[in-house]
Amino acid sequence: MIAYAAIDLHAGHVVQLVGGETDAARVVLDDPVAVARSWVDAGFAAIHIVDLDAALGTGDNRAIVDAILEAVDVTVQIGGGVRQDDQVAHWIDAGVAHVIIGTRALQDRAWLRAMSQRYPQRIVVAADVRDGCVATHGWKQSTPVPVLDYVRELNDYDIASVLVTDIGREGRLLGADTTLFESIAAASTHPLIASGGIANTEELAALAATGVAGVVLGMALYTGGIDAAVIKRDYSA
């Protein structure tokens, strides 16, 4: 299992939000490039970047992401408001390993098919879950689509992985819902990347045992609940 350091961007800052609410930031850091470098220096082999402003339709942090890509030489995946062909092409051309698609992937399966055929094994589909169903538009809109049904449908696409964020636990350090992630991992033929609620290193071992292939670490990492030295030793390859 590989661990990704979360770099969530909002208004030019790295933030860690509680429940994805931009007015509930527990962590705010001013230099995203320095933050990214610090996690690489600490031993992370992968970074997970989300442009929250792009996801919410309030702007973008593209220049900052480009600067991060110039500054680090590790696996990077990027998401947040990616809903057009040219956005996918931009990030692929910029050198990211994987582009994360959420809202439009759910709403437009023909487009998802086209993107996965054009960029095989380069697309990650975000199936962010609230109360068992998929949420879209930066988690602001709920859908009636059960996450397990959606994940099973994705088995027919040539994508790199499925990213599932447990929205209700995001940023709250409540502990990961290992039962949820185990059921999703069992339903998917693609690697599962889990996010939301992960609070300590013991949970990393528990998630690995369920078949989860990757985890995104945010609040626990930034507040000291997870020691980056453990990531370097056990979850960086």
# chains A, B, ... in the order shown; residues from 1 in each chain; ligands from 1
>>> select_by_dssp(residues="stretch 166-227 of chain A", states="helix (DSSP H, G or I)", output="JSON, numbers by chain")
{"A": [167, 168, 169, 178, 179, 180, 181, 182, 183, 184, 185, 186, 187, 201, 202, 203, 204, 205, 206, 207, 208, 209, 219, 220, 221, 222]}
>>> write_last_selection(atoms="C-alpha atoms", output="tab-separated table (two decimals), in the first residue's frame")
chain	number	residue	atom	x	y	z
A	167	ILE	CA	-16.92	12.68	3.26
A	168	GLY	CA	-18.52	12.43	6.68
A	169	ARG	CA	-15.18	11.56	8.26
A	178	THR	CA	-12.48	-0.03	7.33
A	179	THR	CA	-15.71	-1.94	6.71
A	180	LEU	CA	-16.73	0.55	4.02
A	181	PHE	CA	-13.37	0.45	2.31
A	182	GLU	CA	-13.15	-3.33	2.50
A	183	SER	CA	-16.53	-3.66	0.76
A	184	ILE	CA	-15.50	-1.24	-1.96
A	185	ALA	CA	-12.15	-2.94	-2.49
A	186	ALA	CA	-13.97	-6.26	-2.88
A	187	ALA	CA	-16.36	-4.75	-5.45
A	201	THR	CA	-0.52	4.48	11.74
A	202	GLU	CA	-2.40	1.51	13.22
A	203	GLU	CA	-5.24	2.22	10.82
A	204	LEU	CA	-2.85	2.09	7.89
A	205	ALA	CA	-2.06	-1.53	8.64
A	206	ALA	CA	-5.76	-2.30	9.04
A	207	LEU	CA	-6.59	-0.71	5.70
A	208	ALA	CA	-3.77	-2.56	3.95
A	209	ALA	CA	-5.22	-5.80	5.29
A	219	MET	CA	-5.39	16.06	8.64
A	220	ALA	CA	-3.55	13.38	10.66
A	221	LEU	CA	-0.37	14.11	8.75
A	222	TYR	CA	-0.57	17.87	9.20
>>> closest_atom_pairs(of="stretch 189-213 of chain A", to="stretch 117-134 of chain A", cutoff="10 Å", atoms="only C-alpha atoms", output="CSV")
residue,atom,partner,partner_atom,distance
A:His190,CA,A:Val124,CA,9.7
A:Pro191,CA,A:Val124,CA,9.7
A:Leu192,CA,A:Val124,CA,9.7
A:Ile193,CA,A:Ala126,CA,9.3
A:Ala194,CA,A:Asp128,CA,9.7
A:Ser195,CA,A:Asp128,CA,9.1
A:Gly196,CA,A:Asp128,CA,9.7
>>> atom_distance(atom1="atom CA of A:Lys232", atom2="atom CA of A:Ala42")
7.1 Å
>>> atom_distance(atom1="atom CA of A:Ala228", atom2="atom CA of A:Thr210")
22.0 Å
>>> closest_residue(among="A:Val88, A:Ile226, A:Leu174, A:Val147", to="A:Leu106", atoms="only C-alpha atoms")
A:Val147
>>> residues_around(residues="A:Ala46", least_positions_apart="2", cutoff="9 Å", atoms="only C-alpha atoms", output="ChimeraX atom specification")
/A:2-5,39-40,44,48,74-77,236-237
>>> atom_distance(atom1="atom CA of A:Ala199", atom2="atom CA of A:Gly175")
5.3 Å
>>> residues_around(residues="stretch 79-81 of chain A", least_positions_apart="5", cutoff="8 Å", atoms="only C-alpha atoms", output="list in words")
Ile49, Val50, Asp51, Leu52, Asp53, Ala54, Ala55, Leu56, Gly57, Val99, Ile100, Ile101, Gly102, Thr103, His137 and Gly138 of chain A
>>> closest_residue(among="A:Gly43, A:Trp111, A:Ala160, A:His10", to="A:Val230", atoms="only C-alpha atoms")
A:Gly43
>>> residues_around(residues="A:Arg109", least_positions_apart="5", cutoff="10 Å", atoms="only C-alpha atoms", output="PyMOL selection string")
chain A and resi 104+114-115+153-154+157
>>> write_last_selection(atoms="N, CA and C atoms", output="PDB file, in the first residue's frame")
ATOM      1  N   ARG A 104     -17.897  14.763 -13.687  1.00  0.00           N
ATOM      2  CA  ARG A 104     -18.288  14.440 -15.054  1.00  0.00           C
ATOM      3  C   ARG A 104     -18.186  12.951 -15.346  1.00  0.00           C
ATOM      4  N   ALA A 114     -14.165   7.824 -23.292  1.00  0.00           N
ATOM      5  CA  ALA A 114     -13.244   8.445 -24.247  1.00  0.00           C
ATOM      6  C   ALA A 114     -11.926   8.816 -23.575  1.00  0.00           C
ATOM      7  N   MET A 115     -12.001   9.373 -22.369  1.00  0.00           N
ATOM      8  CA  MET A 115     -10.780   9.758 -21.670  1.00  0.00           C
ATOM      9  C   MET A 115      -9.956   8.531 -21.281  1.00  0.00           C
ATOM     10  N   GLU A 153     -19.632  -0.665 -11.831  1.00  0.00           N
ATOM     11  CA  GLU A 153     -19.714  -0.191 -13.221  1.00  0.00           C
ATOM     12  C   GLU A 153     -18.345   0.224 -13.745  1.00  0.00           C
ATOM     13  N   LEU A 154     -17.532   0.793 -12.875  1.00  0.00           N
ATOM     14  CA  LEU A 154     -16.211   1.268 -13.303  1.00  0.00           C
ATOM     15  C   LEU A 154     -15.263   0.129 -13.654  1.00  0.00           C
ATOM     16  N   TYR A 157     -13.972  -0.062 -17.264  1.00  0.00           N
ATOM     17  CA  TYR A 157     -13.198   1.031 -17.848  1.00  0.00           C
ATOM     18  C   TYR A 157     -11.707   0.824 -17.593  1.00  0.00           C
TER      19      TYR A 157
END
>>> select_by_dssp(residues="stretch 62-213 of chain A", states="strand (DSSP E)", output="ChimeraX atom specification")
/A:75-79,98-101,123-126,129-130,133-136,141-146,161-165,192-195
>>> write_last_selection(atoms="N, CA and C atoms", output="mmCIF file, in the first residue's frame")
data_model
loop_
_atom_site.group_PDB
_atom_site.id
_atom_site.type_symbol
_atom_site.label_atom_id
_atom_site.label_comp_id
_atom_site.auth_asym_id
_atom_site.auth_seq_id
_atom_site.Cartn_x
_atom_site.Cartn_y
_atom_site.Cartn_z
ATOM 1 N N THR A 75 5.681 10.654 -7.800
ATOM 2 C CA THR A 75 4.370 10.426 -8.402
ATOM 3 C C THR A 75 3.388 11.484 -7.914
ATOM 4 N N VAL A 76 2.690 12.113 -8.861
ATOM 5 C CA VAL A 76 1.692 13.137 -8.518
ATOM 6 C C VAL A 76 0.384 12.805 -9.214
ATOM 7 N N GLN A 77 -0.713 12.875 -8.456
ATOM 8 C CA GLN A 77 -2.035 12.826 -9.067
ATOM 9 C C GLN A 77 -2.752 14.121 -8.733
ATOM 10 N N ILE A 78 -3.561 14.602 -9.677
ATOM 11 C CA ILE A 78 -4.192 15.912 -9.541
ATOM 12 C C ILE A 78 -5.666 15.816 -9.881
ATOM 13 N N GLY A 79 -6.485 16.484 -9.079
ATOM 14 C CA GLY A 79 -7.911 16.530 -9.337
ATOM 15 C C GLY A 79 -8.506 17.823 -8.837
ATOM 16 N N HIS A 98 -1.365 10.673 -12.803
ATOM 17 C CA HIS A 98 -2.782 10.369 -12.929
ATOM 18 C C HIS A 98 -3.616 11.632 -12.765
ATOM 19 N N VAL A 99 -4.690 11.698 -13.535
ATOM 20 C CA VAL A 99 -5.648 12.797 -13.443
ATOM 21 C C VAL A 99 -6.932 12.251 -12.822
ATOM 22 N N ILE A 100 -7.415 12.952 -11.803
ATOM 23 C CA ILE A 100 -8.603 12.513 -11.072
ATOM 24 C C ILE A 100 -9.839 13.184 -11.664
ATOM 25 N N ILE A 101 -10.830 12.381 -12.009
ATOM 26 C CA ILE A 101 -12.084 12.875 -12.550
ATOM 27 C C ILE A 101 -13.213 12.408 -11.644
ATOM 28 N N ILE A 123 -6.177 7.689 -15.738
ATOM 29 C CA ILE A 123 -7.326 8.336 -15.114
ATOM 30 C C ILE A 123 -7.662 7.642 -13.798
ATOM 31 N N VAL A 124 -7.865 8.455 -12.767
ATOM 32 C CA VAL A 124 -8.398 7.974 -11.491
ATOM 33 C C VAL A 124 -9.817 8.519 -11.371
ATOM 34 N N VAL A 125 -10.771 7.667 -11.054
ATOM 35 C CA VAL A 125 -12.149 8.120 -10.877
ATOM 36 C C VAL A 125 -12.434 8.289 -9.391
ATOM 37 N N ALA A 126 -12.890 9.496 -9.038
ATOM 38 C CA ALA A 126 -13.274 9.783 -7.659
ATOM 39 C C ALA A 126 -14.730 9.396 -7.456
ATOM 40 N N VAL A 129 -18.055 9.441 -1.219
ATOM 41 C CA VAL A 129 -19.270 8.841 -0.682
ATOM 42 C C VAL A 129 -19.784 9.568 0.560
ATOM 43 N N ARG A 130 -21.084 9.798 0.550
ATOM 44 C CA ARG A 130 -21.785 10.330 1.728
ATOM 45 C C ARG A 130 -23.040 9.482 1.934
ATOM 46 N N CYS A 133 -23.853 6.861 -0.761
ATOM 47 C CA CYS A 133 -24.067 7.274 -2.157
ATOM 48 C C CYS A 133 -23.000 8.266 -2.596
ATOM 49 N N VAL A 134 -22.836 8.379 -3.904
ATOM 50 C CA VAL A 134 -21.794 9.229 -4.479
ATOM 51 C C VAL A 134 -22.220 10.695 -4.430
ATOM 52 N N ALA A 135 -21.286 11.574 -4.075
ATOM 53 C CA ALA A 135 -21.513 13.024 -4.083
ATOM 54 C C ALA A 135 -20.641 13.663 -5.143
ATOM 55 N N THR A 136 -21.099 14.804 -5.686
ATOM 56 C CA THR A 136 -20.403 15.468 -6.786
ATOM 57 C C THR A 136 -20.252 16.968 -6.501
ATOM 58 N N GLN A 141 -23.154 18.413 -3.887
ATOM 59 C CA GLN A 141 -24.393 17.804 -4.380
ATOM 60 C C GLN A 141 -24.383 16.303 -4.123
ATOM 61 N N SER A 142 -25.476 15.813 -3.582
ATOM 62 C CA SER A 142 -25.631 14.387 -3.355
ATOM 63 C C SER A 142 -26.351 13.761 -4.537
ATOM 64 N N THR A 143 -26.117 12.478 -4.764
ATOM 65 C CA THR A 143 -26.813 11.739 -5.807
ATOM 66 C C THR A 143 -27.431 10.494 -5.182
ATOM 67 N N PRO A 144 -28.360 9.854 -5.904
ATOM 68 C CA PRO A 144 -28.946 8.620 -5.385
ATOM 69 C C PRO A 144 -28.152 7.377 -5.790
ATOM 70 N N VAL A 145 -26.957 7.560 -6.347
ATOM 71 C CA VAL A 145 -26.184 6.447 -6.885
ATOM 72 C C VAL A 145 -25.416 5.755 -5.761
ATOM 73 N N PRO A 146 -25.726 4.505 -5.449
ATOM 74 C CA PRO A 146 -24.959 3.789 -4.419
ATOM 75 C C PRO A 146 -23.508 3.611 -4.852
ATOM 76 N N SER A 161 -7.205 3.632 -11.151
ATOM 77 C CA SER A 161 -7.678 3.298 -9.809
ATOM 78 C C SER A 161 -8.974 4.031 -9.529
ATOM 79 N N VAL A 162 -9.578 3.689 -8.405
ATOM 80 C CA VAL A 162 -10.763 4.376 -7.893
ATOM 81 C C VAL A 162 -10.375 5.023 -6.566
ATOM 82 N N LEU A 163 -10.718 6.299 -6.432
ATOM 83 C CA LEU A 163 -10.455 7.055 -5.207
ATOM 84 C C LEU A 163 -11.766 7.269 -4.481
ATOM 85 N N VAL A 164 -11.836 6.805 -3.250
ATOM 86 C CA VAL A 164 -13.060 6.977 -2.465
ATOM 87 C C VAL A 164 -12.740 7.775 -1.205
ATOM 88 N N THR A 165 -13.385 8.919 -1.078
ATOM 89 C CA THR A 165 -13.270 9.727 0.138
ATOM 90 C C THR A 165 -14.560 9.590 0.940
ATOM 91 N N LEU A 192 -7.895 0.414 -5.130
ATOM 92 C CA LEU A 192 -8.680 1.390 -4.378
ATOM 93 C C LEU A 192 -7.755 2.289 -3.576
ATOM 94 N N ILE A 193 -7.962 3.594 -3.708
ATOM 95 C CA ILE A 193 -7.288 4.590 -2.876
ATOM 96 C C ILE A 193 -8.332 5.121 -1.895
ATOM 97 N N ALA A 194 -8.036 5.015 -0.611
ATOM 98 C CA ALA A 194 -8.990 5.390 0.436
ATOM 99 C C ALA A 194 -8.587 6.705 1.087
ATOM 100 N N SER A 195 -9.610 7.490 1.454
ATOM 101 C CA SER A 195 -9.358 8.774 2.102
ATOM 102 C C SER A 195 -10.523 9.087 3.031
#
>>> decode(residues="stretch 95-111 of chain A", atoms="all heavy atoms", output="PDB file, in the first residue's frame")
ATOM      1  N   GLY A  95       2.983  16.275 -16.957  1.00  0.00           N
ATOM      2  CA  GLY A  95       3.776  15.220 -16.347  1.00  0.00           C
ATOM      3  C   GLY A  95       3.181  14.538 -15.138  1.00  0.00           C
ATOM      4  O   GLY A  95       3.875  13.755 -14.474  1.00  0.00           O
ATOM      5  N   VAL A  96       1.893  14.808 -14.826  1.00  0.00           N
ATOM      6  CA  VAL A  96       1.311  14.106 -13.688  1.00  0.00           C
ATOM      7  C   VAL A  96       1.118  12.632 -14.047  1.00  0.00           C
ATOM      8  O   VAL A  96       0.914  12.279 -15.208  1.00  0.00           O
ATOM      9  CB  VAL A  96      -0.031  14.721 -13.246  1.00  0.00           C
ATOM     10  CG1 VAL A  96       0.127  16.185 -12.902  1.00  0.00           C
ATOM     11  CG2 VAL A  96      -1.111  14.524 -14.295  1.00  0.00           C
ATOM     12  N   ALA A  97       1.180  11.797 -13.045  1.00  0.00           N
ATOM     13  CA  ALA A  97       0.994  10.366 -13.283  1.00  0.00           C
ATOM     14  C   ALA A  97      -0.461  10.039 -13.567  1.00  0.00           C
ATOM     15  O   ALA A  97      -0.759   9.228 -14.460  1.00  0.00           O
ATOM     16  CB  ALA A  97       1.483   9.563 -12.079  1.00  0.00           C
ATOM     17  N   HIS A  98      -1.365  10.673 -12.803  1.00  0.00           N
ATOM     18  CA  HIS A  98      -2.782  10.369 -12.929  1.00  0.00           C
ATOM     19  C   HIS A  98      -3.616  11.632 -12.765  1.00  0.00           C
ATOM     20  O   HIS A  98      -3.286  12.501 -11.951  1.00  0.00           O
ATOM     21  CB  HIS A  98      -3.215   9.338 -11.883  1.00  0.00           C
ATOM     22  CG  HIS A  98      -2.455   8.058 -11.958  1.00  0.00           C
ATOM     23  ND1 HIS A  98      -1.583   7.641 -10.972  1.00  0.00           N
ATOM     24  CD2 HIS A  98      -2.416   7.114 -12.922  1.00  0.00           C
ATOM     25  CE1 HIS A  98      -1.041   6.491 -11.325  1.00  0.00           C
ATOM     26  NE2 HIS A  98      -1.526   6.145 -12.493  1.00  0.00           N
ATOM     27  N   VAL A  99      -4.690  11.698 -13.535  1.00  0.00           N
ATOM     28  CA  VAL A  99      -5.648  12.797 -13.443  1.00  0.00           C
ATOM     29  C   VAL A  99      -6.932  12.251 -12.822  1.00  0.00           C
ATOM     30  O   VAL A  99      -7.464  11.228 -13.264  1.00  0.00           O
ATOM     31  CB  VAL A  99      -5.949  13.401 -14.825  1.00  0.00           C
ATOM     32  CG1 VAL A  99      -6.976  14.524 -14.706  1.00  0.00           C
ATOM     33  CG2 VAL A  99      -4.670  13.918 -15.467  1.00  0.00           C
ATOM     34  N   ILE A 100      -7.415  12.952 -11.803  1.00  0.00           N
ATOM     35  CA  ILE A 100      -8.603  12.513 -11.072  1.00  0.00           C
ATOM     36  C   ILE A 100      -9.839  13.184 -11.664  1.00  0.00           C
ATOM     37  O   ILE A 100      -9.895  14.412 -11.789  1.00  0.00           O
ATOM     38  CB  ILE A 100      -8.496  12.856  -9.588  1.00  0.00           C
ATOM     39  CG1 ILE A 100      -7.222  12.260  -8.991  1.00  0.00           C
ATOM     40  CG2 ILE A 100      -9.734  12.360  -8.822  1.00  0.00           C
ATOM     41  CD1 ILE A 100      -6.841  12.850  -7.650  1.00  0.00           C
ATOM     42  N   ILE A 101     -10.830  12.381 -12.009  1.00  0.00           N
ATOM     43  CA  ILE A 101     -12.084  12.875 -12.550  1.00  0.00           C
ATOM     44  C   ILE A 101     -13.213  12.408 -11.644  1.00  0.00           C
ATOM     45  O   ILE A 101     -13.282  11.233 -11.293  1.00  0.00           O
ATOM     46  CB  ILE A 101     -12.316  12.360 -13.984  1.00  0.00           C
ATOM     47  CG1 ILE A 101     -11.202  12.841 -14.925  1.00  0.00           C
ATOM     48  CG2 ILE A 101     -13.681  12.808 -14.509  1.00  0.00           C
ATOM     49  CD1 ILE A 101     -11.261  12.207 -16.297  1.00  0.00           C
ATOM     50  N   GLY A 102     -14.081  13.325 -11.258  1.00  0.00           N
ATOM     51  CA  GLY A 102     -15.173  12.971 -10.370  1.00  0.00           C
ATOM     52  C   GLY A 102     -16.537  13.229 -10.960  1.00  0.00           C
ATOM     53  O   GLY A 102     -17.207  12.324 -11.460  1.00  0.00           O
ATOM     54  N   THR A 103     -16.957  14.482 -10.919  1.00  0.00           N
ATOM     55  CA  THR A 103     -18.329  14.843 -11.291  1.00  0.00           C
ATOM     56  C   THR A 103     -18.696  14.396 -12.695  1.00  0.00           C
ATOM     57  O   THR A 103     -19.707  13.706 -12.899  1.00  0.00           O
ATOM     58  CB  THR A 103     -18.522  16.362 -11.149  1.00  0.00           C
ATOM     59  OG1 THR A 103     -18.316  16.736  -9.784  1.00  0.00           O
ATOM     60  CG2 THR A 103     -19.923  16.771 -11.583  1.00  0.00           C
ATOM     61  N   ARG A 104     -17.897  14.763 -13.687  1.00  0.00           N
ATOM     62  CA  ARG A 104     -18.288  14.440 -15.054  1.00  0.00           C
ATOM     63  C   ARG A 104     -18.186  12.951 -15.346  1.00  0.00           C
ATOM     64  O   ARG A 104     -18.928  12.423 -16.183  1.00  0.00           O
ATOM     65  CB  ARG A 104     -17.470  15.239 -16.071  1.00  0.00           C
ATOM     66  CG  ARG A 104     -18.059  15.115 -17.467  1.00  0.00           C
ATOM     67  CD  ARG A 104     -17.460  16.035 -18.486  1.00  0.00           C
ATOM     68  NE  ARG A 104     -18.018  15.752 -19.796  1.00  0.00           N
ATOM     69  CZ  ARG A 104     -17.582  16.284 -20.935  1.00  0.00           C
ATOM     70  NH1 ARG A 104     -16.575  17.166 -20.905  1.00  0.00           N
ATOM     71  NH2 ARG A 104     -18.145  15.961 -22.085  1.00  0.00           N
ATOM     72  N   ALA A 105     -17.286  12.263 -14.665  1.00  0.00           N
ATOM     73  CA  ALA A 105     -17.195  10.815 -14.848  1.00  0.00           C
ATOM     74  C   ALA A 105     -18.516  10.146 -14.518  1.00  0.00           C
ATOM     75  O   ALA A 105     -18.964   9.221 -15.207  1.00  0.00           O
ATOM     76  CB  ALA A 105     -16.076  10.245 -13.994  1.00  0.00           C
ATOM     77  N   LEU A 106     -19.151  10.606 -13.450  1.00  0.00           N
ATOM     78  CA  LEU A 106     -20.438  10.039 -13.054  1.00  0.00           C
ATOM     79  C   LEU A 106     -21.549  10.455 -14.009  1.00  0.00           C
ATOM     80  O   LEU A 106     -22.404   9.643 -14.373  1.00  0.00           O
ATOM     81  CB  LEU A 106     -20.784  10.485 -11.632  1.00  0.00           C
ATOM     82  CG  LEU A 106     -22.119   9.980 -11.078  1.00  0.00           C
ATOM     83  CD1 LEU A 106     -22.083   8.470 -10.886  1.00  0.00           C
ATOM     84  CD2 LEU A 106     -22.468  10.681  -9.766  1.00  0.00           C
ATOM     85  N   GLN A 107     -21.520  11.694 -14.432  1.00  0.00           N
ATOM     86  CA  GLN A 107     -22.611  12.236 -15.231  1.00  0.00           C
ATOM     87  C   GLN A 107     -22.525  11.893 -16.710  1.00  0.00           C
ATOM     88  O   GLN A 107     -23.549  11.900 -17.410  1.00  0.00           O
ATOM     89  CB  GLN A 107     -22.658  13.761 -15.069  1.00  0.00           C
ATOM     90  CG  GLN A 107     -22.966  14.213 -13.652  1.00  0.00           C
ATOM     91  CD  GLN A 107     -22.959  15.710 -13.507  1.00  0.00           C
ATOM     92  OE1 GLN A 107     -22.296  16.432 -14.269  1.00  0.00           O
ATOM     93  NE2 GLN A 107     -23.705  16.214 -12.536  1.00  0.00           N
ATOM     94  N   ASP A 108     -21.332  11.603 -17.202  1.00  0.00           N
ATOM     95  CA  ASP A 108     -21.129  11.425 -18.644  1.00  0.00           C
ATOM     96  C   ASP A 108     -20.208  10.232 -18.873  1.00  0.00           C
ATOM     97  O   ASP A 108     -18.998  10.384 -19.032  1.00  0.00           O
ATOM     98  CB  ASP A 108     -20.526  12.710 -19.225  1.00  0.00           C
ATOM     99  CG  ASP A 108     -20.445  12.711 -20.743  1.00  0.00           C
ATOM    100  OD1 ASP A 108     -20.607  11.633 -21.349  1.00  0.00           O
ATOM    101  OD2 ASP A 108     -20.201  13.785 -21.320  1.00  0.00           O
ATOM    102  N   ARG A 109     -20.789   9.044 -18.916  1.00  0.00           N
ATOM    103  CA  ARG A 109     -19.982   7.839 -19.038  1.00  0.00           C
ATOM    104  C   ARG A 109     -19.298   7.758 -20.395  1.00  0.00           C
ATOM    105  O   ARG A 109     -18.214   7.172 -20.507  1.00  0.00           O
ATOM    106  CB  ARG A 109     -20.829   6.584 -18.805  1.00  0.00           C
ATOM    107  CG  ARG A 109     -21.591   6.579 -17.496  1.00  0.00           C
ATOM    108  CD  ARG A 109     -20.692   6.672 -16.264  1.00  0.00           C
ATOM    109  NE  ARG A 109     -21.494   6.878 -15.073  1.00  0.00           N
ATOM    110  CZ  ARG A 109     -22.178   5.954 -14.435  1.00  0.00           C
ATOM    111  NH1 ARG A 109     -22.141   4.722 -14.848  1.00  0.00           N
ATOM    112  NH2 ARG A 109     -22.882   6.259 -13.355  1.00  0.00           N
ATOM    113  N   ALA A 110     -19.928   8.325 -21.441  1.00  0.00           N
ATOM    114  CA  ALA A 110     -19.290   8.308 -22.761  1.00  0.00           C
ATOM    115  C   ALA A 110     -17.990   9.101 -22.730  1.00  0.00           C
ATOM    116  O   ALA A 110     -16.983   8.706 -23.331  1.00  0.00           O
ATOM    117  CB  ALA A 110     -20.239   8.868 -23.817  1.00  0.00           C
ATOM    118  N   TRP A 111     -17.997  10.227 -22.009  1.00  0.00           N
ATOM    119  CA  TRP A 111     -16.778  11.034 -21.899  1.00  0.00           C
ATOM    120  C   TRP A 111     -15.721  10.309 -21.090  1.00  0.00           C
ATOM    121  O   TRP A 111     -14.539  10.305 -21.440  1.00  0.00           O
ATOM    122  CB  TRP A 111     -17.103  12.381 -21.255  1.00  0.00           C
ATOM    123  CG  TRP A 111     -15.922  13.299 -21.168  1.00  0.00           C
ATOM    124  CD1 TRP A 111     -15.315  13.963 -22.195  1.00  0.00           C
ATOM    125  CD2 TRP A 111     -15.201  13.649 -19.974  1.00  0.00           C
ATOM    126  NE1 TRP A 111     -14.256  14.706 -21.718  1.00  0.00           N
ATOM    127  CE2 TRP A 111     -14.165  14.541 -20.365  1.00  0.00           C
ATOM    128  CE3 TRP A 111     -15.340  13.303 -18.632  1.00  0.00           C
ATOM    129  CZ2 TRP A 111     -13.274  15.081 -19.451  1.00  0.00           C
ATOM    130  CZ3 TRP A 111     -14.456  13.846 -17.712  1.00  0.00           C
ATOM    131  CH2 TRP A 111     -13.438  14.723 -18.130  1.00  0.00           C
TER     132      TRP A 111
END
